There are 2 protein chains.
Amino acid sequence: MSVTSDLASLLPGRVVTDPDVAAGYAVDAYPQAAPPASDDYTVVRARSRTDVEVTLRYAAEHGIPVVPQGSRTSTTGSAGALPGAIVLSTEQLTSIEIDPVERIAVVGPGVINTDLKAAAAEHGLAYPPDPASASMCSIGGNVATNAGGLCCVKYGVTADYVRGLEVVLPGGEVMRTGRRTAKGVAGLDLTGVFVGSEGTLGVVTEAVLRLVPLGDPPLTVLAVFPTLDATMAGVAALRGVRSTPSLVELLDGPSVDAVQAYGDYGFPSGSGGVLLVQSDRPGHAAEDVQEYAAALTAAGATEVAVAEDRAEADLLLEGRRVLNPALAARGPRFIEDVCVPVGRLGELVAQVHAIAARHGLEATCGGHAGDGNLHPCFFYDAEDPESLAAAQRAFDDLVRAAWALGGTLTGEHGVGAQKAPWLREELGEAELARQLAVKALFDPLGIMNPGRVYG
Amino acid sequence: MSVTSDLASLLPGRVVTDPDVAAGYAVDAYPQAAPPASDDYTVVRARSRTDVEVTLRYAAEHGIPVVPQGSRTSTTGSAGALPGAIVLSTEQLTSIEIDPVERIAVVGPGVINTDLKAAAAEHGLAYPPDPASASMCSIGGNVATNAGGLCCVKYGVTADYVRGLEVVLPGGEVMRTGRRTAKGVAGLDLTGVFVGSEGTLGVVTEAVLRLVPLGDPPLTVLAVFPTLDATMAGVAALRGVRSTPSLVELLDGPSVDAVQAYGDYGFPSGSGGVLLVQSDRPGHAAEDVQEYAAALTAAGATEVAVAEDRAEADLLLEGRRVLNPALAARGPRFIEDVCVPVGRLGELVAQVHAIAARHGLEATCGGHAGDGNLHPCFFYDAEDPESLAAAQRAFDDLVRAAWALGGTLTGEHGVGAQKAPWLREELGEAELARQLAVKALFDPLGIMNPGRVYG
């Protein structure tokens, strides 16, 4: 393949020539991924910004599509290889510079989320964004999808921590957005355009991230409810507590069953729903979880466990941490990522189960209840085209239900390949045209991650 | 004037026809403003989004420049009338809707900052951004300049609270950015492009703002230092305290003298500098201010006053609150707004006084020390062209000094008319061209606030 040999001579040692190794770059974590053959794309593993520049200059000169790739944890197919494309991996750009006085981190896109957390913690600082895949996912991917996670209810999303970016554009031009200083308003701040752009504009080669003082080790409350309605009353009750929890996670009954089938995490069977709630407030975590426990009991929880130390707190949360592998083990599924106003969450959960029943499917419903952002799953029989079609219809129904509740089809996973068919309807024609015009400013040839997001 | 009569017939009751009233819309708070004659522009006072649409449709059809205008508190001349322009005032768009469950406010651009704070407080919530002009400035203006203020050291700037916007573009098209939900990544988020765009792209007609739980009423420490170096050591010492202050304000000796000349606010004379530091941490404000006082004493403060109740805390801060009128009363001045890394703040302050001495000028240096964002002033004799020229040279020198320290020419006031000559140099030609291309997507005719920001 001439692209591979061209790039191998331009970037000696950076291009993957072993087809078995290249095959490892074919797909991300999108369950419905359809990978091209490993000789139908070229993998470049950049070791420096210059490597990215050279690759994007070559790609523009030859009109070759480019897929920026981090740790391949995307669940929507935004980072898998495309036929004829260059897969540009930033996994080796792993520099971390912590400035404790400015409370910023300057990092390469390949840095793993928890590695940054650990580096910040050495200075008594925290990088809060906390996707469930934190131990595997990279900052570049987090920026590309504006990743959320478990702590957003208190700390917000990735965009809330990105102060500035260095980006290489197709053609190889390097641009910088934002700032390193605490404030700055000289000209337009284009940072937010790149955060969540899913590799459709350019390749982030450095991020300046805001850090915050480290909270206390979190303590956990686990509350079991007899019904989903009571569980939702528990979520609402927490909105009335002044001290915002650092985590409010929901598992409905079928999610609990899936986790327990995966391993014994101590969840009771037959419940309507479980809430996991944490506080990390310095000096007050123990007091807060008692207050949360009281509020959840008053809301109708029939069983409430309060962790008294960190080990117990981690143990209680373990069942949530294994939810994704537990659901993957359960069978083929469509993963939703809808987000609605928190006040409409109960209606959303009711819709999930009504839609599943209507299509004769099994469903689970869990996720970030404190944000109104859930990851319902519709399970299907991969051997049965009817079952697959039913799951697709259920997926579509749920997106429409989220819209009707004032929500969006994606809270934090991004659009990728999976949700591109729905984006036009969510944005409307005028907004879609505007966004494509913005994209064309940065990627006039349309070579950046083509087909993703905009279809 | 035909524009005035055209608009008066299109928008009965919205157009100012009394020249004395129109004259009140001529200038903002830019000390060097040069207002056009009041019959050389047309003032439209919008009462609805429709009024804004009609005005911007007319403006585009006839190629008339438009100056969006809030409360005219801009210190850089971004909101004063332009000859031949339509001044589109949003001061009457003052709706406020607080949603305590979602913790958002949906507001019109004319809402005064402190009115929103008060409305949020009724629900136990806060809208933190806190410009010194909070009691006068509007949310539309805050969004237009990405306003900062006194609390940013803990709470960040306006951009950190804008979740979404409704904007009317030239031609009258209405667009929406961002979201109402806690998370959402469907397509590009263009919110950040509009925040800080100083009226050069469109007119914000509604903002969805994030609210946070209300802190405790703040308590205050006032610390007096013998030298500027010791004062800077005090700022550095506060970076080591885990509980971030909600305010860290600096007044150098000449600023203190200016305040005391304005009224007796209890500041000692002959000091090297004063720091005002606050905590609003629920349940811990009293403990925090004692910790700050100890750190400031250890850093070399010779006098430390700790407020024991809210009234005393407000009193201690009053001297900072009157700094701007006190400086305005002192005489004609150029107001700087440079922002540098906090670790370089001492060098910046030293530069201010060295530059003033070099040009034979008097200067004050005060502002948001916790953010590295200061508002040095160079005073001049308005009757003496030599003195004015010296102040202009000093202004230029200080911008360059800030750049050399890794900073920016504007932390929070924006570029406006005042700093447009420096923007090209800060951004560089390639970035300037890119920003103008982004502007052209929204404002292809170049009628929005022409001459401001980009010169």
# chains A, B, ... in the order shown; residues from 1 in each chain; ligands from 1
>>> closest_atom_pairs(of="chain B", to="chain A", cutoff="6 Å", atoms="only C-alpha atoms", output="Markdown table")
| residue | atom | partner | partner_atom | distance |
| --- | --- | --- | --- | --- |
| B:Thr181 | CA | A:Pro341 | CA | 5.2 |
| B:Ala182 | CA | A:Asp371 | CA | 5.4 |
| B:Lys183 | CA | A:Gly411 | CA | 4.8 |
| B:Gly184 | CA | A:Gly411 | CA | 4.0 |
| B:Val185 | CA | A:Gly414 | CA | 5.6 |
| B:Ala186 | CA | A:Thr410 | CA | 5.9 |
| B:Leu188 | CA | A:Val193 | CA | 5.8 |
| B:Asp189 | CA | A:Val193 | CA | 5.8 |
| B:Leu190 | CA | A:Val193 | CA | 5.9 |
| B:Gly192 | CA | A:Gly192 | CA | 5.5 |
| B:Val193 | CA | A:Asp189 | CA | 5.8 |
| B:Ser197 | CA | A:Leu188 | CA | 5.9 |
| B:Val340 | CA | A:Thr181 | CA | 5.9 |
| B:Pro341 | CA | A:Thr181 | CA | 5.2 |
| B:Asp371 | CA | A:Ala182 | CA | 5.4 |
| B:Thr410 | CA | A:Gly184 | CA | 5.7 |
| B:Gly411 | CA | A:Gly184 | CA | 4.0 |
| B:Glu412 | CA | A:Val185 | CA | 5.9 |
| B:Gly414 | CA | A:Val185 | CA | 5.6 |
>>> write_last_selection(atoms="all heavy atoms", output="short mmCIF file (atom, residue, chain, number, x, y, z; two decimals), in the first residue's frame")
data_model
loop_
_atom_site.label_atom_id
_atom_site.label_comp_id
_atom_site.auth_asym_id
_atom_site.auth_seq_id
_atom_site.Cartn_x
_atom_site.Cartn_y
_atom_site.Cartn_z
N THR B 181 -29.39 20.88 29.47
CA THR B 181 -29.09 19.71 30.30
C THR B 181 -27.67 19.83 30.89
O THR B 181 -26.85 20.61 30.42
CB THR B 181 -29.21 18.43 29.47
OG1 THR B 181 -28.47 18.59 28.25
CG2 THR B 181 -30.64 18.14 29.14
N ALA B 182 -27.41 19.00 31.91
CA ALA B 182 -26.11 19.06 32.58
C ALA B 182 -24.98 18.65 31.65
O ALA B 182 -23.85 19.11 31.78
CB ALA B 182 -26.12 18.17 33.82
N LYS B 183 -25.27 17.75 30.73
CA LYS B 183 -24.29 17.30 29.75
C LYS B 183 -24.92 17.33 28.37
O LYS B 183 -26.15 17.32 28.24
CB LYS B 183 -23.88 15.85 30.05
CG LYS B 183 -23.19 15.62 31.38
CD LYS B 183 -23.05 14.12 31.61
CE LYS B 183 -22.24 13.78 32.83
NZ LYS B 183 -22.31 12.32 33.13
N GLY B 184 -24.10 17.27 27.33
CA GLY B 184 -24.61 17.25 25.98
C GLY B 184 -23.48 17.49 25.00
O GLY B 184 -22.76 18.47 25.13
N VAL B 185 -23.29 16.55 24.05
CA VAL B 185 -22.18 16.67 23.11
C VAL B 185 -22.63 16.35 21.68
O VAL B 185 -21.87 15.80 20.89
CB VAL B 185 -21.00 15.76 23.49
CG1 VAL B 185 -20.27 16.32 24.69
CG2 VAL B 185 -21.43 14.33 23.75
N ALA B 186 -23.87 16.73 21.35
CA ALA B 186 -24.36 16.48 19.99
C ALA B 186 -23.93 17.62 19.07
O ALA B 186 -24.56 18.66 19.03
CB ALA B 186 -25.88 16.34 20.01
N LEU B 188 -21.00 20.43 17.40
CA LEU B 188 -20.07 21.41 17.96
C LEU B 188 -20.79 22.33 18.93
O LEU B 188 -21.92 22.74 18.69
CB LEU B 188 -19.46 22.26 16.84
CG LEU B 188 -18.69 21.51 15.75
CD1 LEU B 188 -18.16 22.52 14.71
CD2 LEU B 188 -17.54 20.71 16.35
N ASP B 189 -20.13 22.67 20.02
CA ASP B 189 -20.67 23.64 20.96
C ASP B 189 -20.07 25.01 20.64
O ASP B 189 -18.90 25.26 20.91
CB ASP B 189 -20.35 23.24 22.40
CG ASP B 189 -21.11 24.11 23.39
OD1 ASP B 189 -21.54 25.22 23.01
OD2 ASP B 189 -21.27 23.69 24.55
N LEU B 190 -20.88 25.86 20.04
CA LEU B 190 -20.39 27.18 19.61
C LEU B 190 -20.56 28.24 20.69
O LEU B 190 -20.25 29.42 20.46
CB LEU B 190 -21.09 27.60 18.32
CG LEU B 190 -20.88 26.63 17.13
CD1 LEU B 190 -21.69 27.08 15.91
CD2 LEU B 190 -19.40 26.53 16.76
N GLY B 192 -18.85 28.97 23.34
CA GLY B 192 -17.62 29.66 23.70
C GLY B 192 -17.15 30.66 22.67
O GLY B 192 -16.39 31.58 22.99
N VAL B 193 -17.59 30.49 21.42
CA VAL B 193 -17.22 31.46 20.38
C VAL B 193 -17.90 32.80 20.65
O VAL B 193 -17.31 33.87 20.42
CB VAL B 193 -17.61 30.93 18.99
CG1 VAL B 193 -17.29 31.96 17.90
CG2 VAL B 193 -16.91 29.62 18.70
N SER B 197 -17.04 37.65 22.63
CA SER B 197 -16.93 38.14 21.25
C SER B 197 -17.27 39.63 21.13
O SER B 197 -17.20 40.19 20.03
CB SER B 197 -17.80 37.30 20.32
OG SER B 197 -19.16 37.45 20.65
N VAL B 340 -1.31 37.75 33.96
CA VAL B 340 -0.10 36.92 33.84
C VAL B 340 -0.26 35.70 34.74
O VAL B 340 -1.16 35.66 35.60
CB VAL B 340 1.17 37.72 34.24
CG1 VAL B 340 1.37 38.92 33.33
CG2 VAL B 340 1.13 38.12 35.71
N PRO B 341 0.58 34.68 34.55
CA PRO B 341 0.56 33.58 35.51
C PRO B 341 0.74 34.13 36.94
O PRO B 341 1.53 35.07 37.14
CB PRO B 341 1.74 32.71 35.08
CG PRO B 341 1.91 33.00 33.62
CD PRO B 341 1.55 34.46 33.47
N ASP B 371 -5.80 35.83 40.63
CA ASP B 371 -5.86 35.37 39.24
C ASP B 371 -4.68 35.85 38.41
O ASP B 371 -4.62 35.56 37.21
CB ASP B 371 -7.12 35.92 38.54
CG ASP B 371 -8.38 35.58 39.27
OD1 ASP B 371 -8.51 34.42 39.70
OD2 ASP B 371 -9.23 36.47 39.43
N THR B 410 -5.47 41.43 27.92
CA THR B 410 -6.76 41.62 28.57
C THR B 410 -7.23 40.35 29.28
O THR B 410 -7.38 39.30 28.66
CB THR B 410 -7.85 42.13 27.60
OG1 THR B 410 -9.11 42.15 28.31
CG2 THR B 410 -7.99 41.27 26.36
N GLY B 411 -7.41 40.49 30.58
CA GLY B 411 -7.89 39.37 31.38
C GLY B 411 -9.40 39.27 31.38
O GLY B 411 -9.96 38.17 31.37
N GLU B 412 -10.08 40.43 31.39
CA GLU B 412 -11.53 40.40 31.59
C GLU B 412 -12.27 41.60 31.03
O GLU B 412 -13.49 41.56 30.93
CB GLU B 412 -11.85 40.28 33.09
CG GLU B 412 -11.26 41.42 33.92
CD GLU B 412 -11.56 41.29 35.41
OE1 GLU B 412 -11.99 40.22 35.84
OE2 GLU B 412 -11.36 42.29 36.13
N GLY B 414 -11.86 42.89 27.99
CA GLY B 414 -12.03 42.78 26.56
C GLY B 414 -11.12 43.74 25.80
O GLY B 414 -10.39 44.54 26.40
#
>>> select_by_dssp(residues="region 63-193 of chain B", states="strand (DSSP E)", output="PyMOL selection string")
chain B and resi 66-69+86-89+96-99+104-107+125-126+162-168+174-178
>>> select_by_dssp(residues="region 227-299 of chain B", states="alpha helix (DSSP H)", output="MDAnalysis selection string")
chainID B and resid 228:239 253:262 285:298
>>> residues_around(residues="Ser279 (chain B)", least_positions_apart="6", cutoff="6 Å", atoms="only C-alpha atoms", output="JSON, numbers by chain")
{"B": [218, 219, 245, 246, 285]}
>>> closest_residue(among="A:Ala258, A:Ala223, A:Leu228, A:Cys365", to="Gln278 (chain A)", atoms="only C-alpha atoms")
A:Ala223
>>> residues_around(residues="Val107 (chain B)", least_positions_apart="3", cutoff="8 Å", atoms="only C-alpha atoms", output="list in words")
Thr94, Ser95, Ile96, Glu97, Val111, Glu206, Ala207, Val208 and Leu209 of chain B
>>> residues_around(residues="Phe267 (chain B)", least_positions_apart="4", cutoff="10 Å", atoms="only C-alpha atoms", output="list in words")
Leu222, Val224, Gly253, Val256, Asp257, Val259, Gln260, Ser271, Val274, Leu316 and Gly319 of chain B
>>> residues_around(residues="Thr4 (chain A)", least_positions_apart="4", cutoff="10 Å", atoms="only C-alpha atoms", output="list in words")
Ala8, Ser9, Leu10, Val15, Val16, Thr17, Asp39, Asp40, Tyr41, Thr42, Val43, Val44 and Ile86 of chain A
